[in-house]
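Just structure.cif here, mmCIF, C-alpha atoms and all ligand atoms:
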```
data_input
loop_
_atom_site.label_atom_id
_atom_site.label_comp_id
_atom_site.auth_asym_id
_atom_site.auth_seq_id
_atom_site.Cartn_x
_atom_site.Cartn_y
_atom_site.Cartn_z
CA MET A 1 11.68 -51.94 9.15
CA SER A 2 12.35 -49.15 6.67
CA PRO A 3 9.15 -48.05 4.96
CA ARG A 4 9.55 -46.64 1.49
CA MET A 5 7.56 -44.99 -1.22
CA PRO A 6 6.03 -47.50 -3.63
CA ARG A 7 7.32 -48.73 -6.91
CA LEU A 8 5.35 -47.58 -9.94
CA PRO A 9 1.90 -48.56 -8.71
CA VAL A 10 0.51 -50.53 -11.61
CA PHE A 11 -0.56 -54.07 -12.27
CA ALA A 12 -0.07 -54.52 -15.97
CA LEU A 13 -0.23 -57.17 -18.63
CA LEU A 14 2.39 -57.74 -21.26
CA ALA A 15 0.99 -57.67 -24.76
CA LEU A 16 3.57 -60.24 -25.77
CA ALA A 17 2.15 -63.12 -23.82
CA LEU A 18 -0.72 -61.59 -21.90
CA ALA A 19 0.85 -62.10 -18.53
CA GLY A 20 1.36 -59.63 -15.77
CA TRP A 21 4.31 -57.44 -15.16
CA SER A 22 4.80 -54.57 -12.81
CA CYS A 23 7.30 -51.91 -13.70
CA ALA A 24 10.01 -51.04 -11.27
CA ALA A 25 10.71 -47.39 -10.67
CA GLU A 26 12.03 -47.08 -7.17
CA ALA A 27 11.04 -43.84 -5.49
CA PRO A 28 13.12 -42.32 -2.69
CA ALA A 29 12.65 -43.82 0.74
CA ALA A 30 10.42 -41.99 3.16
CA LYS A 31 9.69 -42.85 6.75
CA VAL A 32 5.99 -43.12 7.28
CA SER A 33 3.60 -43.46 10.15
CA PRO A 34 -0.10 -44.34 9.87
CA ALA A 35 -2.47 -41.46 10.51
CA SER A 36 -4.56 -42.02 13.63
CA GLY A 37 -8.22 -42.43 12.58
CA PRO A 38 -9.97 -40.83 9.62
CA ARG A 39 -8.85 -37.25 9.19
CA LEU A 40 -10.15 -35.03 6.43
CA GLU A 41 -7.99 -32.27 5.03
CA GLN A 42 -7.81 -29.77 2.25
CA ILE A 43 -4.30 -29.50 0.88
CA THR A 44 -3.05 -26.77 -1.43
CA VAL A 45 -0.41 -28.20 -3.72
CA ARG A 46 2.00 -26.61 -6.16
CA ASP A 47 3.58 -29.06 -8.61
CA ALA A 48 4.09 -29.60 -12.34
CA ASP A 49 0.32 -29.12 -12.85
CA GLY A 50 0.40 -25.71 -11.17
CA LEU A 51 -1.40 -24.57 -8.02
CA ARG A 52 -4.45 -26.64 -7.00
CA THR A 53 -6.42 -27.73 -3.99
CA ILE A 54 -7.24 -31.34 -3.20
CA ALA A 55 -9.45 -32.68 -0.43
CA GLY A 56 -9.54 -36.12 1.08
CA GLU A 57 -8.80 -38.44 3.96
CA VAL A 58 -5.21 -38.52 5.21
CA LEU A 59 -4.25 -42.21 5.15
CA VAL A 60 -0.57 -41.92 5.92
CA GLU A 61 1.59 -39.03 6.96
CA ALA A 62 5.31 -39.36 6.27
CA VAL A 63 7.77 -38.04 8.80
CA ASP A 64 9.27 -35.92 6.03
CA GLY A 65 5.85 -34.20 5.67
CA GLY A 66 4.60 -36.13 2.62
CA VAL A 67 0.97 -37.24 2.69
CA LEU A 68 -1.02 -40.13 1.22
CA LEU A 69 -4.49 -38.71 0.62
CA LYS A 70 -7.63 -40.65 -0.37
CA ARG A 71 -10.17 -38.64 -2.33
CA ALA A 72 -13.94 -39.12 -2.25
CA ASP A 73 -13.82 -41.15 -5.49
CA GLU A 74 -11.16 -43.51 -4.03
CA ARG A 75 -8.27 -42.01 -5.97
CA TYR A 76 -5.04 -41.73 -3.97
CA ASP A 77 -2.63 -38.82 -4.11
CA LEU A 78 0.94 -39.21 -2.93
CA VAL A 79 1.70 -35.60 -2.09
CA GLN A 80 5.39 -34.86 -1.85
CA PRO A 81 6.40 -32.58 1.05
CA THR A 82 7.99 -30.03 -1.26
CA ALA A 83 4.69 -29.64 -3.17
CA ILE A 84 2.58 -28.76 -0.12
CA VAL A 85 1.71 -25.06 0.16
CA ALA A 86 -0.95 -25.28 2.89
CA ARG A 87 -2.96 -27.83 4.87
CA GLU A 88 -6.32 -27.23 6.53
CA PRO A 89 -8.59 -29.60 8.42
CA LEU A 90 -12.00 -30.24 6.84
CA ALA A 91 -15.16 -30.65 8.86
CA GLY A 92 -18.01 -32.93 7.81
CA GLU A 93 -17.85 -35.50 5.04
CA LEU A 94 -16.42 -35.62 1.54
CA GLY A 95 -19.27 -35.43 -0.95
CA ALA A 96 -18.97 -38.21 -3.53
CA ASP A 97 -20.12 -37.77 -7.14
CA THR A 98 -23.02 -39.74 -8.54
CA PRO A 99 -21.87 -42.37 -11.08
CA ARG A 100 -23.03 -40.05 -13.89
CA GLU A 101 -21.07 -37.10 -12.44
CA LEU A 102 -18.03 -39.31 -11.90
CA GLY A 103 -18.18 -40.49 -15.53
CA GLN A 104 -18.52 -36.94 -16.82
CA ARG A 105 -15.57 -35.78 -14.73
CA ILE A 106 -13.37 -38.60 -16.01
CA ILE A 107 -14.23 -38.06 -19.68
CA ALA A 108 -13.44 -34.36 -19.24
CA GLU A 109 -9.84 -35.50 -18.46
CA LEU A 110 -9.67 -37.79 -21.51
CA PRO A 111 -9.22 -36.89 -25.18
CA PRO A 112 -12.43 -35.75 -26.95
CA GLY A 113 -14.98 -38.33 -28.08
CA PHE A 114 -15.44 -40.44 -24.92
CA ASP A 115 -18.83 -41.56 -23.65
CA VAL A 116 -19.95 -43.28 -20.43
CA HIS A 117 -21.71 -46.58 -19.83
CA ILE A 118 -22.95 -47.09 -16.26
CA THR A 119 -23.86 -50.40 -14.67
CA LYS A 120 -24.61 -51.42 -11.09
CA HIS A 121 -20.95 -51.42 -9.94
CA TYR A 122 -19.00 -49.91 -12.85
CA VAL A 123 -18.49 -46.66 -14.71
CA VAL A 124 -17.03 -47.52 -18.12
CA CYS A 125 -15.60 -44.61 -20.14
CA PHE A 126 -15.04 -45.53 -23.79
CA ASN A 127 -14.51 -44.14 -27.26
CA THR A 128 -14.90 -47.47 -29.03
CA SER A 129 -18.33 -48.90 -29.89
CA ARG A 130 -20.98 -48.86 -27.17
CA ASP A 131 -21.58 -52.56 -27.86
CA TYR A 132 -18.01 -53.39 -26.93
CA ALA A 133 -18.22 -51.25 -23.78
CA LYS A 134 -21.47 -52.99 -22.81
CA TRP A 135 -20.00 -56.43 -23.43
CA CYS A 136 -17.00 -55.57 -21.23
CA ALA A 137 -19.22 -54.10 -18.50
CA ALA A 138 -21.33 -57.28 -18.46
CA LEU A 139 -18.13 -59.30 -18.05
CA PHE A 140 -16.99 -57.05 -15.16
CA GLU A 141 -20.36 -57.38 -13.42
CA ARG A 142 -20.20 -61.17 -13.65
CA LEU A 143 -16.68 -61.10 -12.24
CA HIS A 144 -17.76 -58.72 -9.44
CA ASP A 145 -20.51 -61.08 -8.30
CA ALA A 146 -18.56 -64.31 -8.76
CA PHE A 147 -15.52 -62.89 -6.96
CA GLY A 148 -17.56 -61.76 -3.95
CA ASN A 149 -19.48 -65.04 -3.77
CA PHE A 150 -16.36 -67.15 -4.04
CA TRP A 151 -14.51 -65.43 -1.20
CA ARG A 152 -17.55 -65.03 1.04
CA LYS A 153 -18.17 -68.74 0.70
CA ALA A 154 -14.53 -69.32 1.60
CA GLY A 155 -15.03 -67.34 4.81
CA LEU A 156 -13.41 -64.03 3.87
CA GLU A 157 -15.17 -60.81 4.82
CA VAL A 158 -15.49 -59.01 1.48
CA VAL A 159 -17.50 -55.82 1.04
CA ASP A 160 -18.96 -54.10 -2.00
CA PRO A 161 -16.62 -51.37 -3.28
CA ALA A 162 -17.38 -48.00 -1.69
CA GLN A 163 -17.53 -46.23 -5.05
CA PRO A 164 -18.23 -47.38 -8.63
CA LEU A 165 -15.21 -49.08 -10.19
CA VAL A 166 -13.85 -47.11 -13.14
CA VAL A 167 -12.70 -48.69 -16.41
CA VAL A 168 -11.37 -46.65 -19.35
CA ILE A 169 -11.41 -48.28 -22.79
CA PHE A 170 -9.66 -46.62 -25.72
CA ALA A 171 -10.78 -47.46 -29.27
CA ASP A 172 -7.29 -47.63 -30.69
CA ARG A 173 -3.91 -48.67 -29.50
CA ALA A 174 -2.06 -45.46 -30.39
CA ALA A 175 -4.31 -43.25 -28.25
CA TYR A 176 -4.19 -45.81 -25.43
CA GLU A 177 -0.38 -45.90 -25.53
CA ALA A 178 -0.15 -42.11 -25.50
CA HIS A 179 -2.37 -42.07 -22.40
CA ALA A 180 -0.75 -45.10 -20.73
CA ALA A 181 2.77 -43.70 -21.15
CA GLY A 182 2.01 -41.39 -18.21
CA ASP A 183 1.43 -44.44 -15.98
CA LEU A 184 3.70 -47.07 -17.52
CA GLY A 185 6.55 -45.12 -19.10
CA ALA A 186 8.42 -46.98 -21.80
CA ALA A 187 6.52 -50.21 -21.07
CA ALA A 188 3.26 -48.79 -22.51
CA ASP A 189 3.79 -50.43 -25.91
CA ARG A 190 4.10 -53.88 -24.30
CA VAL A 191 1.16 -53.64 -21.98
CA VAL A 192 -2.42 -54.14 -23.16
CA GLY A 193 -4.22 -53.29 -19.95
CA TYR A 194 -3.37 -52.26 -16.41
CA TYR A 195 -4.80 -51.43 -13.03
CA ASN A 196 -3.33 -48.35 -11.37
CA LEU A 197 -3.24 -48.42 -7.57
CA LEU A 198 -3.31 -44.62 -7.29
CA SER A 199 -6.07 -43.76 -9.78
CA ASN A 200 -7.84 -47.05 -8.88
CA ARG A 201 -8.77 -47.41 -12.57
CA VAL A 202 -8.39 -50.15 -15.12
CA THR A 203 -7.26 -48.81 -18.51
CA THR A 204 -7.21 -50.82 -21.72
CA PHE A 205 -8.11 -50.57 -25.40
CA ASP A 206 -10.47 -52.37 -27.77
CA LEU A 207 -8.52 -55.57 -28.24
CA THR A 208 -10.75 -56.87 -31.00
CA GLY A 209 -9.49 -54.25 -33.45
CA THR A 210 -6.48 -54.54 -35.70
CA ASP A 211 -3.67 -52.84 -33.88
CA GLY A 212 -2.68 -49.53 -35.30
CA LEU A 213 -4.94 -49.67 -38.38
CA PRO A 214 -7.76 -47.23 -38.94
CA ARG A 215 -11.20 -48.75 -38.60
CA PRO A 216 -13.64 -46.79 -40.75
CA GLY A 217 -17.17 -47.23 -39.50
CA GLY A 218 -16.09 -47.91 -35.94
CA SER A 219 -15.29 -51.14 -34.18
CA PRO A 220 -15.51 -54.33 -36.21
CA LEU A 221 -17.59 -55.90 -33.46
CA GLY A 222 -20.89 -54.90 -34.95
CA GLY A 223 -22.49 -55.47 -31.58
CA ALA A 224 -22.55 -59.25 -31.54
CA ALA A 225 -20.98 -61.01 -28.58
CA ALA A 226 -20.46 -64.04 -30.80
CA GLN A 227 -18.23 -61.93 -33.01
CA VAL A 228 -16.16 -60.87 -30.00
CA MET A 229 -15.57 -64.45 -29.05
CA ALA A 230 -14.87 -65.49 -32.63
CA SER A 231 -12.07 -62.98 -32.99
CA PRO A 232 -8.49 -64.25 -32.78
CA ALA A 233 -7.96 -61.88 -29.87
CA ALA A 234 -10.68 -63.52 -27.75
CA ALA A 235 -8.51 -65.53 -25.35
CA GLY A 236 -6.16 -62.65 -24.62
CA LEU A 237 -9.04 -60.23 -24.47
CA VAL A 238 -10.91 -62.14 -21.80
CA SER A 239 -7.78 -62.95 -19.76
CA THR A 240 -6.65 -59.33 -19.84
CA LEU A 241 -9.98 -57.86 -18.84
CA VAL A 242 -10.67 -60.39 -16.10
CA HIS A 243 -7.09 -60.30 -14.77
CA GLU A 244 -7.03 -56.53 -14.35
CA ALA A 245 -10.62 -56.35 -13.12
CA THR A 246 -9.71 -59.00 -10.52
CA HIS A 247 -6.87 -56.79 -9.22
CA GLN A 248 -9.29 -53.86 -9.07
CA MET A 249 -11.90 -55.91 -7.20
CA ALA A 250 -9.34 -57.33 -4.76
CA PHE A 251 -8.11 -53.83 -3.87
CA ASN A 252 -11.64 -52.45 -3.44
CA CYS A 253 -13.48 -55.15 -1.49
CA GLY A 254 -11.26 -55.25 1.58
CA MET A 255 -9.20 -58.21 0.38
CA HIS A 256 -6.03 -56.21 -0.32
CA ARG A 257 -5.12 -52.74 0.86
CA ARG A 258 -3.73 -50.40 -1.77
CA LEU A 259 -0.01 -49.56 -1.37
CA ALA A 260 0.30 -52.04 1.51
CA PRO A 261 3.05 -54.67 1.10
CA VAL A 262 0.77 -57.33 -0.46
CA PRO A 263 3.17 -59.96 -1.83
CA LEU A 264 2.98 -59.98 -5.62
CA TRP A 265 2.75 -63.78 -5.67
CA LEU A 266 -0.55 -63.42 -3.80
CA SER A 267 -2.11 -60.62 -5.87
CA GLU A 268 -0.91 -62.13 -9.16
CA GLY A 269 -1.79 -65.63 -8.02
CA ILE A 270 -5.38 -64.52 -7.37
CA ALA A 271 -5.61 -62.59 -10.66
CA THR A 272 -4.34 -65.59 -12.63
CA TYR A 273 -6.64 -67.91 -10.65
CA PHE A 274 -9.62 -65.93 -11.99
CA GLU A 275 -8.44 -65.02 -15.50
CA THR A 276 -9.02 -68.31 -17.36
CA PRO A 277 -11.41 -67.64 -20.27
CA GLU A 278 -14.20 -69.87 -21.44
CA LEU A 279 -13.94 -69.61 -25.19
CA ASP A 280 -16.84 -71.84 -26.17
CA SER A 281 -19.33 -69.31 -24.79
CA ASP A 282 -20.32 -65.86 -26.10
CA ARG A 283 -20.02 -64.61 -22.56
CA GLY A 284 -16.33 -65.46 -22.53
CA TRP A 285 -15.96 -66.18 -18.84
CA ARG A 286 -18.06 -68.08 -16.41
CA GLY A 287 -16.32 -69.48 -13.45
CA ILE A 288 -13.37 -69.57 -11.17
CA GLY A 289 -10.52 -71.92 -10.59
CA ALA A 290 -10.55 -73.68 -13.97
CA ILE A 291 -7.19 -75.11 -14.97
CA ASN A 292 -5.24 -72.22 -16.47
CA ARG A 293 -3.52 -74.16 -19.24
CA PRO A 294 -1.03 -71.51 -20.41
CA ARG A 295 0.14 -70.94 -16.82
CA LEU A 296 0.22 -74.65 -16.00
CA ASP A 297 2.18 -75.54 -19.14
CA HIS A 298 4.56 -72.66 -18.52
CA PHE A 299 5.15 -73.80 -14.95
CA LEU A 300 5.89 -77.38 -15.97
CA ALA A 301 8.25 -76.22 -18.72
CA THR A 302 10.24 -73.69 -16.72
CA HIS A 303 10.03 -74.61 -13.04
CA ARG A 304 13.32 -74.85 -11.14
CA PRO A 305 13.88 -75.84 -7.50
CA GLY A 306 13.74 -72.78 -5.27
CA ASP A 307 11.25 -70.85 -7.43
CA ILE A 308 8.56 -70.87 -4.77
CA ALA A 309 10.89 -69.74 -1.99
CA ALA A 310 12.05 -66.91 -4.28
CA ILE A 311 8.55 -65.48 -4.91
CA LEU A 312 7.53 -65.97 -1.28
CA ALA A 313 10.50 -63.93 -0.08
CA SER A 314 10.55 -61.15 -2.66
CA ASP A 315 8.70 -59.56 -5.61
CA ASP A 316 11.88 -59.22 -7.67
CA ARG A 317 11.17 -62.06 -10.08
CA PHE A 318 7.89 -60.43 -11.16
CA ARG A 319 9.77 -57.27 -12.00
CA SER A 320 12.64 -58.98 -13.75
CA PRO A 321 12.87 -58.09 -17.43
CA ASP A 322 14.25 -61.60 -18.11
CA ALA A 323 11.44 -63.98 -17.37
CA PRO A 324 8.54 -62.39 -15.51
CA LEU A 325 6.16 -64.96 -17.02
CA ASP A 326 7.92 -67.71 -15.08
CA ALA A 327 7.02 -65.99 -11.81
CA TYR A 328 3.36 -65.65 -12.87
CA ALA A 329 3.23 -69.34 -13.68
CA VAL A 330 4.68 -70.18 -10.25
CA ALA A 331 2.20 -67.80 -8.58
CA TRP A 332 -0.76 -69.42 -10.37
CA SER A 333 0.44 -72.94 -9.52
CA LEU A 334 1.05 -72.13 -5.86
CA THR A 335 -2.28 -70.30 -5.50
CA ARG A 336 -4.20 -73.06 -7.29
CA HIS A 337 -2.66 -75.64 -4.99
CA LEU A 338 -3.18 -73.69 -1.76
CA VAL A 339 -6.82 -72.84 -2.56
CA ALA A 340 -7.48 -76.48 -3.47
CA THR A 341 -5.82 -77.99 -0.41
CA ARG A 342 -5.64 -75.30 2.32
CA LYS A 343 -8.44 -72.83 1.64
CA ARG A 344 -8.98 -71.87 5.27
CA ALA A 345 -5.28 -71.13 5.81
CA PHE A 346 -5.23 -69.23 2.51
CA VAL A 347 -8.07 -67.01 3.71
CA ASP A 348 -6.28 -66.44 7.04
CA TYR A 349 -3.16 -65.46 5.12
CA VAL A 350 -5.14 -63.03 2.92
CA ARG A 351 -6.64 -61.50 6.08
CA LEU A 352 -3.20 -61.09 7.62
CA GLN A 353 -1.98 -59.26 4.51
CA ALA A 354 -5.10 -57.06 4.45
CA ALA A 355 -4.24 -55.76 7.93
CA LYS A 356 -0.89 -54.31 6.81
CA GLN A 357 -0.61 -50.56 6.48
CA PRO A 358 -0.21 -48.59 3.24
CA LEU A 359 3.43 -47.72 2.49
CA ALA A 360 4.67 -50.24 5.06
CA ASP A 361 7.37 -52.64 3.96
CA ASP A 362 8.02 -56.30 4.74
CA SER A 363 11.46 -57.88 4.76
CA PRO A 364 12.00 -61.26 3.02
CA GLU A 365 12.25 -62.80 6.50
CA GLU A 366 8.86 -61.40 7.54
CA ARG A 367 7.26 -62.62 4.32
CA LEU A 368 8.61 -66.14 4.78
CA ARG A 369 7.58 -66.16 8.43
CA ASP A 370 4.02 -65.05 7.56
CA PHE A 371 3.77 -67.85 5.01
CA GLU A 372 5.12 -70.57 7.25
CA ARG A 373 2.89 -69.51 10.13
CA ALA A 374 -0.24 -69.46 7.98
CA PHE A 375 0.34 -72.71 6.13
CA GLY A 376 2.48 -74.68 8.53
CA VAL A 377 4.91 -75.75 5.83
CA SER A 378 8.29 -74.59 4.58
CA PRO A 379 8.76 -73.30 1.02
CA THR A 380 10.67 -76.48 0.18
CA GLU A 381 7.88 -78.72 1.45
CA ILE A 382 5.14 -76.84 -0.38
CA GLU A 383 7.23 -76.78 -3.55
CA ALA A 384 7.42 -80.55 -3.67
CA ASP A 385 3.62 -80.75 -3.24
CA VAL A 386 2.96 -78.12 -5.92
CA VAL A 387 5.20 -79.82 -8.49
CA LYS A 388 3.41 -83.14 -7.93
CA ALA A 389 -0.04 -81.54 -8.01
CA MET A 390 0.70 -79.64 -11.24
CA ALA A 391 1.93 -82.80 -12.94
CA ARG A 392 -1.34 -84.49 -11.93
CA LEU A 393 -3.42 -81.54 -13.20
CA ALA A 394 -1.64 -81.65 -16.55
CA SER A 395 -2.86 -85.14 -17.12
CA ARG A 396 -6.49 -84.12 -16.47
CA PRO A 397 -8.86 -82.58 -19.03
CA ALA A 398 -9.56 -78.86 -18.37
CA ARG A 399 -12.88 -78.26 -16.67
ZN ZN B 401 -1.52 -58.83 -12.56
#
```

Reformat the file's structure so that it appears as C-alpha cells.
Ligand SMILES: [Zn+2]
Amino acid sequence: MSPRMPRLPVFALLALALAGWSCAAEAPAAKVSPASGPRLEQITVRDADGLRTIAGEVLVEAVDGGVLLKRADERYDLVQPTAIVAREPLAGELGADTPRELGQRIIAELPPGFDVHITKHYVVCFNTSRDYAKWCAALFERLHDAFGNFWRKAGLEVVDPAQPLVVVIFADRAAYEAHAAGDLGAAADRVVGYYNLLSNRVTTFDLTGTDGLPRPGGSPLGGAAAQVMASPAAAGLVSTLVHEATHQMAFNCGMHRRLAPVPLWLSEGIATYFETPELDSDRGWRGIGAINRPRLDHFLATHRPGDIAAILASDDRFRSPDAPLDAYAVAWSLTRHLVATRKRAFVDYVRLQAAKQPLADDSPEERLRDFERAFGVSPTEIEADVVKAMARLASRPAR
C-alpha cells in the first residue's frame, strides 16, 4: 500500500451536460499514518498567505511531517511539512462558531455584497436574490431529511452533520468562475457547481440567470418558486444543487469519510441516485430513486462490456477528459440496480468504505475484492444483470 496525497479534492458538475467530473491534479506521494485518537494542536504556518496560526484536530500525520488538520467548522487543512513553523498541543475543546458567526466569517472572505440565510442545517451565503437563496435552502433541507431517512431505513447509521453545512451562491457566473478558479483551475468555466472536500462547502451560482449578462434589478426570479421551475434551466438547476448537496451530506453524516479512498463509482452513484428532479412541482425535487432518464439513456447508448469492472477497479474513467459522462451513467445504473436488488449488501459495502482512513489508498485488486466480498458476484456477473435491468427500466414509465 502506498498512501498518497489526494487529487484535487472536488466533486464538480460539468456545465456542458450537468454531469459530474473530478479534476485530476496528482500531488506528490506522502507516506501517512493515522493519528492515534483525537489530538488538538495549534500550528503556525508560513505559506503563500503569509504567517498564520491554525487550530484543529490532527486527523493524519504524514511521515514526512505533513499534517491533515480538521478545524472546528469542519474545514480541513493539508499542511505541507515545509510550511510548518511551530506545533503546540491545545488543551480543552475547539470552540465552534454559532451559525450566524460562521456565516459572517465566510462572507468576510467573499467579495463585497454577500448576505447570509440560515436554516436548521444550512448556512447559505449569497449575493443573488434572497428569494433564490431561500428556495435553494428549502431544497437542501428537504434533501437533508430525505437522505437521512432513506439510509436510516436501509439500516445505515447516519448522524446529523456536526456543524451547519455551508453553501455559497454567486449571483453571476463571472464572479463565480473567478472564485472557483482557485478550486477547479482551468475547469471552472465548465463546472456549474462543486463540493470541495477540504473546505466542505458547496459553491455554485444563480443558474436561473442569463449567463454573463447583466441583470438590472437583481435576479429574474422575482421570488416565485413557480418561476424558478418554469425557467429553461430548471432541470439542470435542480440536478446540480441536489447532486452536490448529496455529496456534502454523504461526507458529513458518517456515510463517507473525507479524503478516504471512497470509490468514485460509489459516491457518484449515490449522488446521481438522488439528483433526479421533479419538474412538475414548484418544489423541484421530492423523492429518491426515481428513474434518472438522462443517465439511463446514456448508459444504454454507450455501454460496452467491461465498463463496470473498469469503474469498480479504478476512478480513472471519471477523470478522463474523453467521456466522463459514460462513467457517471454506469455508476448510476450499477447503484440503482444494487440498491433495488441488494440493499443490505450495499449498506454493508458503504459501511466498509466508511471505515477507511483519510489519505489511505486502495489498489484496484483491493477495490475488486471489497466489491466481490460484499455482493457475492463478479463484475462480469453483475454487469449482465445491470444491462438486463436497465433495458427493462427503459421500457417503464418514469415514476
Ligand atoms: Zn458528483

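Excluding stretch 166-183 of chain A itself and any same-chain residue fewer than 3 positions from it, the protein and nucleic acid residues within 7 Å of it, counting only C-alpha atoms, are Tyr122, Val123, Val124, Cys125, Phe126, Asn127, Thr128, Ala186, Ala188, Asp189, Arg201, Val202, Thr203, Thr204, Phe205, Asp206, Asp211 and Gly212 of chain A.
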
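Omitting A:Val238 and its sequence neighbours fewer than 3 positions away, and counting all atoms listed in the file, the residues within 7 Å are Ala234, Ala235, Leu241, Val242, Pro277 and Gly284 of chain A.
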
Computed gap from atom CA of A:Met229 to atom CA of A:Arg396 is 25.1 Å

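Across the structure, atom CA of A:Arg342 and atom CA of A:Ala154 are spaced 10.7 Å apart.
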
Of A:Ile118, A:Leu102, A:Ala340, A:Ala329, the one sitting nearest ligand ZN 401 (chain B) when using all atoms listed in the file is A:Ala329

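Taking atom CA of A:Leu359 and atom CA of A:Pro261 as endpoints, the distance between them is 7.1 Å.
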
Of A:Tyr132, A:Tyr273, A:Phe140, A:Tyr76, the one sitting nearest ligand ZN 401 (chain B) when using all atoms listed in the file is A:Tyr273

Any chance you could turn stretch 98-112 of chain A into a file with N, CA and C atoms, as a short mmCIF file (atom, residue, chain, number, x, y, z; two decimals), in the first residue's frame?
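Listed below is the output, result.cif:
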```cif
data_model
loop_
_atom_site.label_atom_id
_atom_site.label_comp_id
_atom_site.auth_asym_id
_atom_site.auth_seq_id
_atom_site.Cartn_x
_atom_site.Cartn_y
_atom_site.Cartn_z
N THR A 98 -21.22 30.11 16.23
CA THR A 98 -22.66 29.94 16.01
C THR A 98 -22.88 30.01 14.49
N PRO A 99 -24.04 29.54 13.99
CA PRO A 99 -24.29 29.65 12.55
C PRO A 99 -24.16 31.09 12.04
N ARG A 100 -24.63 32.06 12.84
CA ARG A 100 -24.55 33.47 12.43
C ARG A 100 -23.09 33.89 12.32
N GLU A 101 -22.27 33.52 13.34
CA GLU A 101 -20.85 33.88 13.31
C GLU A 101 -20.14 33.20 12.14
N LEU A 102 -20.49 31.94 11.91
CA LEU A 102 -19.89 31.20 10.79
C LEU A 102 -20.21 31.91 9.47
N GLY A 103 -21.48 32.28 9.29
CA GLY A 103 -21.88 32.98 8.07
C GLY A 103 -21.12 34.28 7.89
N GLN A 104 -21.00 35.04 8.99
CA GLN A 104 -20.31 36.33 8.91
C GLN A 104 -18.83 36.13 8.56
N ARG A 105 -18.24 35.10 9.12
CA ARG A 105 -16.82 34.83 8.83
C ARG A 105 -16.63 34.46 7.36
N ILE A 106 -17.56 33.66 6.83
CA ILE A 106 -17.42 33.26 5.43
C ILE A 106 -17.63 34.45 4.51
N ILE A 107 -18.64 35.30 4.78
CA ILE A 107 -18.85 36.40 3.84
C ILE A 107 -17.72 37.43 3.91
N ALA A 108 -17.00 37.44 5.05
CA ALA A 108 -15.83 38.33 5.13
C ALA A 108 -14.73 37.88 4.16
N GLU A 109 -14.76 36.56 3.78
CA GLU A 109 -13.74 36.04 2.84
C GLU A 109 -14.18 36.21 1.39
N LEU A 110 -15.47 36.53 1.18
CA LEU A 110 -16.02 36.60 -0.18
C LEU A 110 -15.99 38.05 -0.68
N PRO A 111 -16.22 38.25 -1.98
CA PRO A 111 -16.29 39.63 -2.47
C PRO A 111 -17.41 40.39 -1.75
N PRO A 112 -17.39 41.73 -1.78
CA PRO A 112 -18.42 42.50 -1.07
C PRO A 112 -19.82 42.20 -1.60
#
```
